[in-house]
Each structure stands twice: as C-alpha cells, then as structure tokens.
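Below is one structure, written out as structure tokens; comments come after it.
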Amino acid sequence: MTFAFDLATAVTSNGNGVYAGAVHDGWDIRGNANGGYVMALLANAMRSAANRPDPISLTLHYLAPLPPGDFEIFTQVVKQGRRFTTVSASMMFGGREAVRAIGAFSEAPTVEGAMRHNGTPLCDLPSYEACMRRTAEGENIPLALMSKLDLRLHPEDRGFAIGEPNGNPRIRGWFAFADNRPNDTLSVLLAADAFPPPVFNLLAVPGWVPTVEFTVHMRAVPAPGPLRCEFNTKEIQGGMFEEDGIIWDENGILVAQSRQIGLIPL
C-alpha cells in the first residue's frame with residue numbers, strides 16, 4: 001500500500017544533487033504548506049544525498065510561503081564523516097528560494113545498551129481513544145492538513161477551539177495518520193509542527209502563525225503507532241514566541257525534541 005504522506009513527500013533525483021518534486025494540495029493551513037510537511041520534503045531529498053536514512057538534527061529557515069506547485073531542491077554534501085553526513089539544501093519555488101536547510105544525517109541511535117537519563121516526565125495524556133480528533137474545519141479556519149491526519153488533543157487544551165483559551169500556553173495530544181501509515185523518523189518531522197501553536201491558549205482569535213526557524217533533533221526511531229506529543233511556550237516578546245516540543249512513541253520512548261520561532265498573528 002502506498003500512503004498519502006509518501007506520495008506527497010516523494011522527490012526525484014535529476015543528478016548532481018538536484019531533486020524535483022511538488023508541494024501537494026491538502027497539506028496546508030490556510031493555503032500555505034505546513035512547515036513540518038515542508039521539512040519532510042527537504043529531509044527526503046537530503047537523506048538521499050547523504051545516503052543515510054535518518055535526520056538526526058535538521059534546521060529550516062522559511063523564506064516564503066509555499067502554495068501547491070512544483071519545486072527543485074539543490075543539495076550539497078558539506079561533510080561526509082564516519083558517523084554523520086552533513087547536508088545543506090535550498091528549495092526553489094516559482095523562481096525564488098523558499099526554504100534554506102542544513103542537517104546531519106545518520107542512523108537514529110538505539111536506546112538499548114546506551115547511557116540513558118530522561119529529565120522530562122512523560123506527557124500526561126488520556127488514552128488515544130479518549131481524546132477528540134481535530135477536524136479539517138478547525139477553529140473557523142480551513143485546516144486541510146487535518147484531513148490527512150488523525151490528530152487528537154488533550155481535552156484540557158482545546159479551549160481555544162471554542163473561544164475559551166485556558167491561559168496556559170501548552171498543547172498535548174496524539175499524532176497519527178488518517179490512512180494508518182506507520183510512523184517513522186520522516187513523519188516525526190511532520191508531527192513536530194502539526195499541532196496548534198500553544199500560544200492559541202492565550203489568544204482569543206487564533207490565526208496563521210508564520211514560522212521563522214524550525215529545528216528538530218531526532219533521538220530514536222519511533223514504534224509505528226501513535227506519537228505522544230507535548231508543546232509549550234514560555235516567552236512571548238516583540239511579536240515573537242518560541243515553541244518547544246517533545247515527542248514520545250506509543251511505548252513511552254523519547255523520539256524527538258523540537259524548537260521553532262514563530263510570529264504572533266496580527
């Protein structure tokens with residue numbers, strides 16, 4: 001079976017480190033491609049250029065919104081090491097650069113047999129079945145991406161959706177695909193940006209929140225089932241905020257950490 005996410009993130013090598021593909025319709029918020037989906041597109045090309053399967057650390061700077069359409073990704077292997085390969089990439093869309101990325105690729109480390117200390121408690125979250133699915137209709141704004149996902153929010157964190165933000169800039173929930181695609185390190189990149197921003201629980205009227213910079217650190221390959229996710233914001237200043245995320249798999253193993261800098265909607 002070919003899953004929707006795999007079709008939507010497919011790229012074709014044109015040789016010399018250049019990859020072609022298309023931003024697919026339906027992976028967007030208000031007509032602009034979701035930042036995590038865009039990161040997965042870049043990562044798919046970059047891991048091919050690196051000849052290594054997993055993005056261990058990946059940073060994107062978003063230079064322009066991305067509607068549906070064709071693109072080219074120009075990659076460059078910066079360093080080929082014994083353990084990591086560092087790759088830079090530039091996505092060209094409509095005659096201009098839309099995204100600039102740099103990342104380290106390898107095989108995601110295994111948890112067994114290595115030193116382990118987890119300082120962050122496992123996210124307090126009701127069961128997957130007990131959480132309500134977020135729909136494509138969203139909070140009075142079009143959320144086409146939600147038709148592709150089975151995204152379920154903690155009942156206590158949904159107040160913004162009915163105009164009653166709870167005053168705590170935190171979002172918790174489960175991430176899975178609507179077509180039951182198993183999760184892997186590529187889909188974790190999407191999960192890290194698929195949830196509503198935590199600042200929505202401070203804002204009376206949520207809107208599109210542009211991302212300036214987005215980084216994901218991969219800590220392990222996830223089990224194939226739903227991902228347990230938590231996102232928090234601590235500082236809002238000068239019209240900008242940070243969003244820190246942590247993602248566990250269904251077995252409670254930490255699989256990724258993320259941070260992004262975003263703009264408060266006007």
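Residues are named by chain letter and number: chains run A, B, ... in the order of the structure tokens, numbers start at 1 in each chain, and ligands are numbered from 1 in the order shown.
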
Considering only C-alpha atoms, tabulate each residue of range 69-128 of chain A that lies at most 10 Å from range 19-41 of chain A along with its nearest interatomic pair and the corresponding distance in Å to one decimal; arrange the rows by chain and ascending residue number and present them as a tab-separated table.
```
residue	atom	partner	partner_atom	distance
A:Gly69	CA	A:Val23	CA	5.2
A:Asp70	CA	A:Ala22	CA	4.1
A:Phe71	CA	A:Gly21	CA	5.6
A:Glu72	CA	A:Ala20	CA	4.5
A:Ile73	CA	A:Tyr19	CA	5.0
A:Phe74	CA	A:Tyr19	CA	6.5
A:Thr75	CA	A:Tyr19	CA	7.9
A:Met91	CA	A:Tyr19	CA	9.3
A:Met92	CA	A:Ala20	CA	9.7
A:Phe93	CA	A:Ala22	CA	9.4
A:Val99	CA	A:Val38	CA	8.6
A:Ala101	CA	A:Met39	CA	8.6
```

Selection export as a compact mmCIF listing (two decimals), in the first residue's frame, atoms kept: C-alpha atoms:
```txt
# COMPACT_ATOMS: atom_id res chain seq x y z
CA GLY A 69 3.23 23.58 -7.12
CA ASP A 70 6.49 22.21 -8.47
CA PHE A 71 9.87 22.82 -6.85
CA GLU A 72 13.53 21.92 -7.12
CA ILE A 73 15.82 21.16 -4.17
CA PHE A 74 19.53 21.79 -4.59
CA THR A 75 21.61 19.78 -2.10
CA MET A 91 14.30 24.75 -2.16
CA MET A 92 13.50 26.85 -5.23
CA PHE A 93 9.84 27.56 -5.92
CA VAL A 99 13.49 27.43 2.17
CA ALA A 101 18.12 23.98 5.34
```

Using only C-alpha atoms, find each residue of range 12-92 of chain A with at least one atom at most 12 Å away from an atom of range 219-223 of chain A; report its shortest atom-to-atom pair and that distance in Å (one decimal), sort the rows by chain and rising residue number, and return the result as a tab-separated table.
```
residue	atom	partner	partner_atom	distance
A:Pro53	CA	A:Val221	CA	10.6
A:Asp54	CA	A:Val221	CA	8.5
A:Pro55	CA	A:Arg219	CA	9.7
A:Ile56	CA	A:Arg219	CA	7.2
A:Ser57	CA	A:Arg219	CA	9.2
```

Using C-alpha atoms, can you export the residues from the last selection as a PDB file, in the first residue's frame?
```pdb
ATOM      1  CA  PRO A  53      18.272   7.135   6.459  1.00  0.00           C
ATOM      2  CA  ASP A  54      17.530   9.463   9.366  1.00  0.00           C
ATOM      3  CA  PRO A  55      17.633  13.217  10.042  1.00  0.00           C
ATOM      4  CA  ILE A  56      19.467  13.480  13.382  1.00  0.00           C
ATOM      5  CA  SER A  57      19.428  17.292  13.523  1.00  0.00           C
TER       6      SER A  57
END
```

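Proximity ranking of A:Arg134, A:Arg259, A:Arg47, A:Lys79 relative to Glu107 in chain A places A:Arg47 first, based on only C-alpha atoms.
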
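Residues in contact with Val188 in chain A at up to 9 Å, not including ones fewer than 5 positions away on its chain and judged by only C-alpha atoms, are A:Gly36, A:Ala40, A:Asn183, A:Val216, A:Met218, A:Pro222, A:Leu227, A:Ile247, A:Val255, A:Ala256.
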
Would you mind exporting the chosen residues as a tab-separated table (two decimals), in the first residue's frame, restricted to N, CA and C atoms?
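Generated file (again_4.tsv):
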```tsv
chain	number	residue	atom	x	y	z
A	36	GLY	N	6.09	21.51	8.95
A	36	GLY	CA	6.61	20.16	9.17
A	36	GLY	C	6.56	19.33	7.91
A	40	ALA	N	9.75	17.67	5.94
A	40	ALA	CA	9.83	16.29	5.48
A	40	ALA	C	10.22	16.22	4.01
A	183	ASN	N	4.33	5.33	11.75
A	183	ASN	CA	5.23	6.45	11.97
A	183	ASN	C	6.69	6.01	11.83
A	216	VAL	N	14.51	20.31	14.48
A	216	VAL	CA	14.10	19.03	15.10
A	216	VAL	C	15.35	18.20	15.36
A	218	MET	N	16.33	14.37	16.30
A	218	MET	CA	15.81	13.01	16.34
A	218	MET	C	16.60	12.20	17.35
A	222	PRO	N	10.83	5.79	16.06
A	222	PRO	CA	9.62	5.51	16.84
A	222	PRO	C	9.02	4.15	16.51
A	227	LEU	N	1.97	8.81	18.10
A	227	LEU	CA	3.01	9.54	18.83
A	227	LEU	C	2.37	10.39	19.91
A	247	ILE	N	8.45	14.66	21.81
A	247	ILE	CA	7.63	13.62	21.20
A	247	ILE	C	8.11	12.25	21.69
A	255	VAL	N	11.48	10.19	21.26
A	255	VAL	CA	11.95	10.04	19.87
A	255	VAL	C	12.41	11.35	19.26
A	256	ALA	N	11.96	12.51	19.76
A	256	ALA	CA	12.38	13.77	19.15
A	256	ALA	C	12.13	14.93	20.09
```

Determine which residues of range 21-262 of chain A DSSP labels as strand (DSSP E) from the backbone of this structure, then write them out as an mmCIF file with N, CA and C atoms, in the first residue's frame.
```cif
data_model
loop_
_atom_site.group_PDB
_atom_site.id
_atom_site.type_symbol
_atom_site.label_atom_id
_atom_site.label_comp_id
_atom_site.auth_asym_id
_atom_site.auth_seq_id
_atom_site.Cartn_x
_atom_site.Cartn_y
_atom_site.Cartn_z
ATOM 1 N N GLY A 21 10.233 17.791 -7.285
ATOM 2 C CA GLY A 21 9.021 17.279 -6.664
ATOM 3 C C GLY A 21 7.938 18.333 -6.701
ATOM 4 N N ALA A 22 6.877 18.100 -5.942
ATOM 5 C CA ALA A 22 5.758 19.043 -5.920
ATOM 6 C C ALA A 22 5.211 19.166 -4.507
ATOM 7 N N VAL A 23 4.890 20.396 -4.124
ATOM 8 C CA VAL A 23 4.112 20.637 -2.908
ATOM 9 C C VAL A 23 2.682 20.230 -3.229
ATOM 10 N N ASP A 28 -1.762 21.715 4.007
ATOM 11 C CA ASP A 28 -1.596 23.136 4.289
ATOM 12 C C ASP A 28 -2.498 23.611 5.419
ATOM 13 N N ILE A 29 -2.172 24.815 5.897
ATOM 14 C CA ILE A 29 -3.012 25.584 6.809
ATOM 15 C C ILE A 29 -3.300 26.910 6.112
ATOM 16 N N ASN A 32 -1.235 27.630 2.858
ATOM 17 C CA ASN A 32 0.224 27.598 2.898
ATOM 18 C C ASN A 32 0.686 26.257 3.458
ATOM 19 N N ALA A 33 1.619 25.605 2.756
ATOM 20 C CA ALA A 33 2.088 24.287 3.165
ATOM 21 C C ALA A 33 2.582 24.302 4.606
ATOM 22 N N ASP A 54 18.260 8.694 8.362
ATOM 23 C CA ASP A 54 17.530 9.463 9.366
ATOM 24 C C ASP A 54 18.091 10.866 9.574
ATOM 25 N N PRO A 55 17.200 11.862 9.678
ATOM 26 C CA PRO A 55 17.633 13.217 10.042
ATOM 27 C C PRO A 55 17.884 13.283 11.547
ATOM 28 N N ILE A 56 19.137 13.435 11.956
ATOM 29 C CA ILE A 56 19.467 13.480 13.382
ATOM 30 C C ILE A 56 19.262 14.891 13.928
ATOM 31 N N SER A 57 19.686 15.888 13.178
ATOM 32 C CA SER A 57 19.428 17.292 13.523
ATOM 33 C C SER A 57 19.161 18.032 12.225
ATOM 34 N N LEU A 58 18.031 18.723 12.163
ATOM 35 C CA LEU A 58 17.647 19.400 10.918
ATOM 36 C C LEU A 58 17.064 20.765 11.254
ATOM 37 N N THR A 59 17.572 21.797 10.586
ATOM 38 C CA THR A 59 17.115 23.171 10.793
ATOM 39 C C THR A 59 16.684 23.776 9.465
ATOM 40 N N LEU A 60 15.507 24.414 9.476
ATOM 41 C CA LEU A 60 14.998 25.101 8.290
ATOM 42 C C LEU A 60 14.742 26.561 8.614
ATOM 43 N N HIS A 61 15.074 27.419 7.652
ATOM 44 C CA HIS A 61 14.645 28.814 7.659
ATOM 45 C C HIS A 61 13.655 28.993 6.521
ATOM 46 N N TYR A 62 12.483 29.507 6.862
ATOM 47 C CA TYR A 62 11.402 29.651 5.885
ATOM 48 C C TYR A 62 11.440 31.070 5.314
ATOM 49 N N GLY A 69 2.495 23.341 -5.881
ATOM 50 C CA GLY A 69 3.231 23.579 -7.119
ATOM 51 C C GLY A 69 4.556 22.866 -7.135
ATOM 52 N N ASP A 70 5.225 22.920 -8.279
ATOM 53 C CA ASP A 70 6.491 22.212 -8.471
ATOM 54 C C ASP A 70 7.658 22.971 -7.841
ATOM 55 N N PHE A 71 8.673 22.224 -7.433
ATOM 56 C CA PHE A 71 9.875 22.824 -6.849
ATOM 57 C C PHE A 71 11.102 22.028 -7.280
ATOM 58 N N GLU A 72 12.259 22.616 -7.034
ATOM 59 C CA GLU A 72 13.531 21.919 -7.119
ATOM 60 C C GLU A 72 14.283 22.120 -5.811
ATOM 61 N N ILE A 73 14.986 21.088 -5.362
ATOM 62 C CA ILE A 73 15.818 21.160 -4.168
ATOM 63 C C ILE A 73 17.262 20.917 -4.585
ATOM 64 N N PHE A 74 18.108 21.876 -4.278
ATOM 65 C CA PHE A 74 19.527 21.785 -4.588
ATOM 66 C C PHE A 74 20.266 21.417 -3.303
ATOM 67 N N THR A 75 20.919 20.254 -3.287
ATOM 68 C CA THR A 75 21.607 19.784 -2.096
ATOM 69 C C THR A 75 23.119 19.823 -2.284
ATOM 70 N N GLN A 76 23.817 19.921 -1.153
ATOM 71 C CA GLN A 76 25.272 19.868 -1.163
ATOM 72 C C GLN A 76 25.739 19.110 0.071
ATOM 73 N N VAL A 77 26.550 18.086 -0.135
ATOM 74 C CA VAL A 77 27.146 17.366 0.990
ATOM 75 C C VAL A 77 28.293 18.217 1.525
ATOM 76 N N VAL A 78 28.113 18.711 2.745
ATOM 77 C CA VAL A 78 29.109 19.585 3.362
ATOM 78 C C VAL A 78 30.256 18.773 3.951
ATOM 79 N N LYS A 79 29.902 17.661 4.601
ATOM 80 C CA LYS A 79 30.924 16.799 5.193
ATOM 81 C C LYS A 79 30.409 15.372 5.251
ATOM 82 N N GLN A 80 31.225 14.441 4.813
ATOM 83 C CA GLN A 80 30.917 13.016 4.900
ATOM 84 C C GLN A 80 31.813 12.417 5.976
ATOM 85 N N THR A 85 26.636 12.499 8.164
ATOM 86 C CA THR A 85 26.839 13.244 6.923
ATOM 87 C C THR A 85 26.048 14.534 7.027
ATOM 88 N N THR A 86 26.725 15.657 6.859
ATOM 89 C CA THR A 86 26.080 16.970 6.930
ATOM 90 C C THR A 86 25.742 17.438 5.522
ATOM 91 N N VAL A 87 24.491 17.870 5.346
ATOM 92 C CA VAL A 87 23.993 18.276 4.034
ATOM 93 C C VAL A 87 23.293 19.624 4.160
ATOM 94 N N SER A 88 23.546 20.508 3.212
ATOM 95 C CA SER A 88 22.770 21.751 3.111
ATOM 96 C C SER A 88 21.841 21.633 1.906
ATOM 97 N N ALA A 89 20.750 22.403 1.926
ATOM 98 C CA ALA A 89 19.778 22.319 0.839
ATOM 99 C C ALA A 89 19.047 23.638 0.683
ATOM 100 N N SER A 90 18.639 23.891 -0.550
ATOM 101 C CA SER A 90 17.869 25.087 -0.884
ATOM 102 C C SER A 90 16.693 24.669 -1.763
ATOM 103 N N MET A 91 15.492 25.050 -1.359
ATOM 104 C CA MET A 91 14.299 24.753 -2.157
ATOM 105 C C MET A 91 13.925 25.972 -2.994
ATOM 106 N N MET A 92 13.869 25.786 -4.305
ATOM 107 C CA MET A 92 13.497 26.853 -5.235
ATOM 108 C C MET A 92 12.065 26.620 -5.694
ATOM 109 N N PHE A 93 11.258 27.659 -5.571
ATOM 110 C CA PHE A 93 9.838 27.557 -5.920
ATOM 111 C C PHE A 93 9.419 28.851 -6.609
ATOM 112 N N ARG A 96 12.204 31.617 -7.023
ATOM 113 C CA ARG A 96 12.886 32.203 -5.872
ATOM 114 C C ARG A 96 13.126 31.139 -4.809
ATOM 115 N N GLU A 97 14.071 31.428 -3.920
ATOM 116 C CA GLU A 97 14.362 30.498 -2.842
ATOM 117 C C GLU A 97 13.289 30.620 -1.760
ATOM 118 N N ALA A 98 12.683 29.493 -1.424
ATOM 119 C CA ALA A 98 11.601 29.493 -0.443
ATOM 120 C C ALA A 98 12.030 28.959 0.909
ATOM 121 N N VAL A 99 13.037 28.047 0.915
ATOM 122 C CA VAL A 99 13.486 27.429 2.166
ATOM 123 C C VAL A 99 14.985 27.176 2.068
ATOM 124 N N ARG A 100 15.706 27.397 3.167
ATOM 125 C CA ARG A 100 17.121 27.039 3.288
ATOM 126 C C ARG A 100 17.262 26.093 4.483
ATOM 127 N N ALA A 101 18.026 25.006 4.300
ATOM 128 C CA ALA A 101 18.118 23.976 5.339
ATOM 129 C C ALA A 101 19.540 23.489 5.498
ATOM 130 N N ILE A 102 19.836 22.996 6.702
ATOM 131 C CA ILE A 102 21.079 22.277 6.951
ATOM 132 C C ILE A 102 20.774 21.182 7.968
ATOM 133 N N GLY A 103 21.386 20.009 7.768
ATOM 134 C CA GLY A 103 21.092 18.914 8.665
ATOM 135 C C GLY A 103 22.187 17.875 8.711
ATOM 136 N N ALA A 104 22.188 17.103 9.793
ATOM 137 C CA ALA A 104 23.093 15.977 9.967
ATOM 138 C C ALA A 104 22.283 14.698 9.861
ATOM 139 N N PHE A 105 22.751 13.760 9.031
ATOM 140 C CA PHE A 105 22.020 12.523 8.762
ATOM 141 C C PHE A 105 22.881 11.327 9.151
ATOM 142 N N SER A 106 22.191 10.285 9.676
ATOM 143 C CA SER A 106 22.870 9.078 10.106
ATOM 144 C C SER A 106 21.793 8.014 10.284
ATOM 145 N N MET A 132 -10.383 13.702 21.560
ATOM 146 C CA MET A 132 -11.202 14.029 20.393
ATOM 147 C C MET A 132 -10.336 14.390 19.195
ATOM 148 N N ARG A 133 -10.735 13.906 18.024
ATOM 149 C CA ARG A 133 -10.000 14.188 16.793
ATOM 150 C C ARG A 133 -10.237 15.626 16.345
ATOM 151 N N ARG A 152 -5.319 14.124 17.778
ATOM 152 C CA ARG A 152 -6.229 14.158 18.919
ATOM 153 C C ARG A 152 -5.627 14.975 20.050
ATOM 154 N N LEU A 153 -6.381 15.965 20.528
ATOM 155 C CA LEU A 153 -5.892 16.899 21.539
ATOM 156 C C LEU A 153 -6.379 16.516 22.932
ATOM 157 N N ARG A 170 0.111 25.646 26.390
ATOM 158 C CA ARG A 170 0.541 24.260 26.285
ATOM 159 C C ARG A 170 -0.469 23.491 25.441
ATOM 160 N N ILE A 171 0.033 22.627 24.567
ATOM 161 C CA ILE A 171 -0.809 21.756 23.757
ATOM 162 C C ILE A 171 -0.265 20.334 23.870
ATOM 163 N N ARG A 172 -1.147 19.398 24.224
ATOM 164 C CA ARG A 172 -0.782 17.993 24.304
ATOM 165 C C ARG A 172 -1.725 17.169 23.433
ATOM 166 N N GLY A 173 -1.218 16.074 22.892
ATOM 167 C CA GLY A 173 -2.088 15.242 22.086
ATOM 168 C C GLY A 173 -1.381 14.081 21.428
ATOM 169 N N TRP A 174 -2.151 13.330 20.627
ATOM 170 C CA TRP A 174 -1.667 12.168 19.890
ATOM 171 C C TRP A 174 -1.601 12.490 18.406
ATOM 172 N N PHE A 175 -0.574 11.977 17.742
ATOM 173 C CA PHE A 175 -0.403 12.156 16.296
ATOM 174 C C PHE A 175 -0.425 10.796 15.606
ATOM 175 N N THR A 211 6.194 30.556 10.727
ATOM 176 C CA THR A 211 7.427 30.067 11.347
ATOM 177 C C THR A 211 8.624 30.742 10.704
ATOM 178 N N VAL A 212 9.522 31.242 11.535
ATOM 179 C CA VAL A 212 10.756 31.856 11.047
ATOM 180 C C VAL A 212 11.846 30.795 10.923
ATOM 181 N N GLU A 213 12.037 30.025 11.985
ATOM 182 C CA GLU A 213 13.072 28.981 12.021
ATOM 183 C C GLU A 213 12.531 27.786 12.795
ATOM 184 N N PHE A 214 12.923 26.595 12.350
ATOM 185 C CA PHE A 214 12.381 25.356 12.918
ATOM 186 C C PHE A 214 13.484 24.307 12.951
ATOM 187 N N THR A 215 13.701 23.717 14.138
ATOM 188 C CA THR A 215 14.736 22.695 14.315
ATOM 189 C C THR A 215 14.130 21.470 14.980
ATOM 190 N N VAL A 216 14.507 20.305 14.485
ATOM 191 C CA VAL A 216 14.104 19.035 15.103
ATOM 192 C C VAL A 216 15.354 18.202 15.363
ATOM 193 N N HIS A 217 15.445 17.633 16.561
ATOM 194 C CA HIS A 217 16.507 16.710 16.935
ATOM 195 C C HIS A 217 15.884 15.323 17.086
ATOM 196 N N MET A 218 16.332 14.367 16.298
ATOM 197 C CA MET A 218 15.808 13.011 16.339
ATOM 198 C C MET A 218 16.595 12.203 17.351
ATOM 199 N N LEU A 227 1.974 8.813 18.102
ATOM 200 C CA LEU A 227 3.009 9.536 18.833
ATOM 201 C C LEU A 227 2.367 10.394 19.910
ATOM 202 N N ARG A 228 2.961 10.392 21.095
ATOM 203 C CA ARG A 228 2.505 11.202 22.227
ATOM 204 C C ARG A 228 3.308 12.505 22.214
ATOM 205 N N CYS A 229 2.626 13.655 22.131
ATOM 206 C CA CYS A 229 3.311 14.925 21.888
ATOM 207 C C CYS A 229 2.916 15.986 22.906
ATOM 208 N N GLU A 230 3.881 16.849 23.235
ATOM 209 C CA GLU A 230 3.614 17.998 24.100
ATOM 210 C C GLU A 230 4.414 19.196 23.596
ATOM 211 N N PHE A 231 3.749 20.361 23.542
ATOM 212 C CA PHE A 231 4.375 21.588 23.058
ATOM 213 C C PHE A 231 4.080 22.718 24.042
ATOM 214 N N ASN A 232 5.118 23.506 24.345
ATOM 215 C CA ASN A 232 4.998 24.584 25.326
ATOM 216 C C ASN A 232 5.644 25.863 24.815
ATOM 217 N N ILE A 236 7.035 35.177 25.256
ATOM 218 C CA ILE A 236 6.436 35.914 24.142
ATOM 219 C C ILE A 236 6.886 37.359 24.285
ATOM 220 N N GLN A 237 7.533 37.854 23.252
ATOM 221 C CA GLN A 237 8.101 39.200 23.351
ATOM 222 C C GLN A 237 8.385 39.715 21.945
ATOM 223 N N MET A 240 7.081 37.874 18.866
ATOM 224 C CA MET A 240 7.604 36.549 18.555
ATOM 225 C C MET A 240 7.485 35.640 19.777
ATOM 226 N N PHE A 241 7.499 34.331 19.526
ATOM 227 C CA PHE A 241 7.441 33.344 20.598
ATOM 228 C C PHE A 241 8.261 32.121 20.196
ATOM 229 N N GLU A 242 8.670 31.359 21.198
ATOM 230 C CA GLU A 242 9.298 30.062 20.929
ATOM 231 C C GLU A 242 8.287 28.962 21.227
ATOM 232 N N GLU A 243 8.434 27.859 20.517
ATOM 233 C CA GLU A 243 7.615 26.675 20.791
ATOM 234 C C GLU A 243 8.550 25.487 20.959
ATOM 235 N N ASP A 244 8.549 24.903 22.143
ATOM 236 C CA ASP A 244 9.380 23.734 22.427
ATOM 237 C C ASP A 244 8.503 22.491 22.441
ATOM 238 N N GLY A 245 8.921 21.491 21.673
ATOM 239 C CA GLY A 245 8.158 20.256 21.595
ATOM 240 C C GLY A 245 8.964 19.060 22.034
ATOM 241 N N ILE A 246 8.270 18.066 22.545
ATOM 242 C CA ILE A 246 8.892 16.784 22.864
ATOM 243 C C ILE A 246 7.917 15.690 22.449
ATOM 244 N N ILE A 247 8.452 14.656 21.807
ATOM 245 C CA ILE A 247 7.630 13.616 21.202
ATOM 246 C C ILE A 247 8.107 12.255 21.691
ATOM 247 N N TRP A 248 7.148 11.454 22.164
ATOM 248 C CA TRP A 248 7.415 10.073 22.572
ATOM 249 C C TRP A 248 6.644 9.134 21.652
ATOM 250 N N LEU A 254 11.374 8.460 24.236
ATOM 251 C CA LEU A 254 11.596 9.782 23.658
ATOM 252 C C LEU A 254 12.163 9.615 22.241
ATOM 253 N N VAL A 255 11.479 10.189 21.255
ATOM 254 C CA VAL A 255 11.951 10.037 19.874
ATOM 255 C C VAL A 255 12.411 11.355 19.259
ATOM 256 N N ALA A 256 11.956 12.509 19.761
ATOM 257 C CA ALA A 256 12.380 13.769 19.152
ATOM 258 C C ALA A 256 12.131 14.934 20.086
ATOM 259 N N GLN A 257 12.942 15.972 19.899
ATOM 260 C CA GLN A 257 12.738 17.280 20.518
ATOM 261 C C GLN A 257 12.739 18.315 19.402
ATOM 262 N N SER A 258 11.969 19.372 19.593
ATOM 263 C CA SER A 258 11.888 20.403 18.553
ATOM 264 C C SER A 258 11.834 21.785 19.179
ATOM 265 N N ARG A 259 12.243 22.770 18.392
ATOM 266 C CA ARG A 259 12.053 24.168 18.776
ATOM 267 C C ARG A 259 11.828 24.978 17.507
ATOM 268 N N GLN A 260 10.879 25.902 17.585
ATOM 269 C CA GLN A 260 10.693 26.832 16.490
ATOM 270 C C GLN A 260 10.424 28.239 17.022
ATOM 271 N N ILE A 261 10.759 29.197 16.194
ATOM 272 C CA ILE A 261 10.475 30.602 16.480
ATOM 273 C C ILE A 261 9.372 31.035 15.523
ATOM 274 N N GLY A 262 8.293 31.571 16.080
ATOM 275 C CA GLY A 262 7.158 31.980 15.271
ATOM 276 C C GLY A 262 6.739 33.414 15.557
#
```

* Enter the distance from CA of Phe3 in chain A to CA of Val111 in chain A, in Å, rounded to one decimal. =>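 Interatomic distance here is 27.9 Å.
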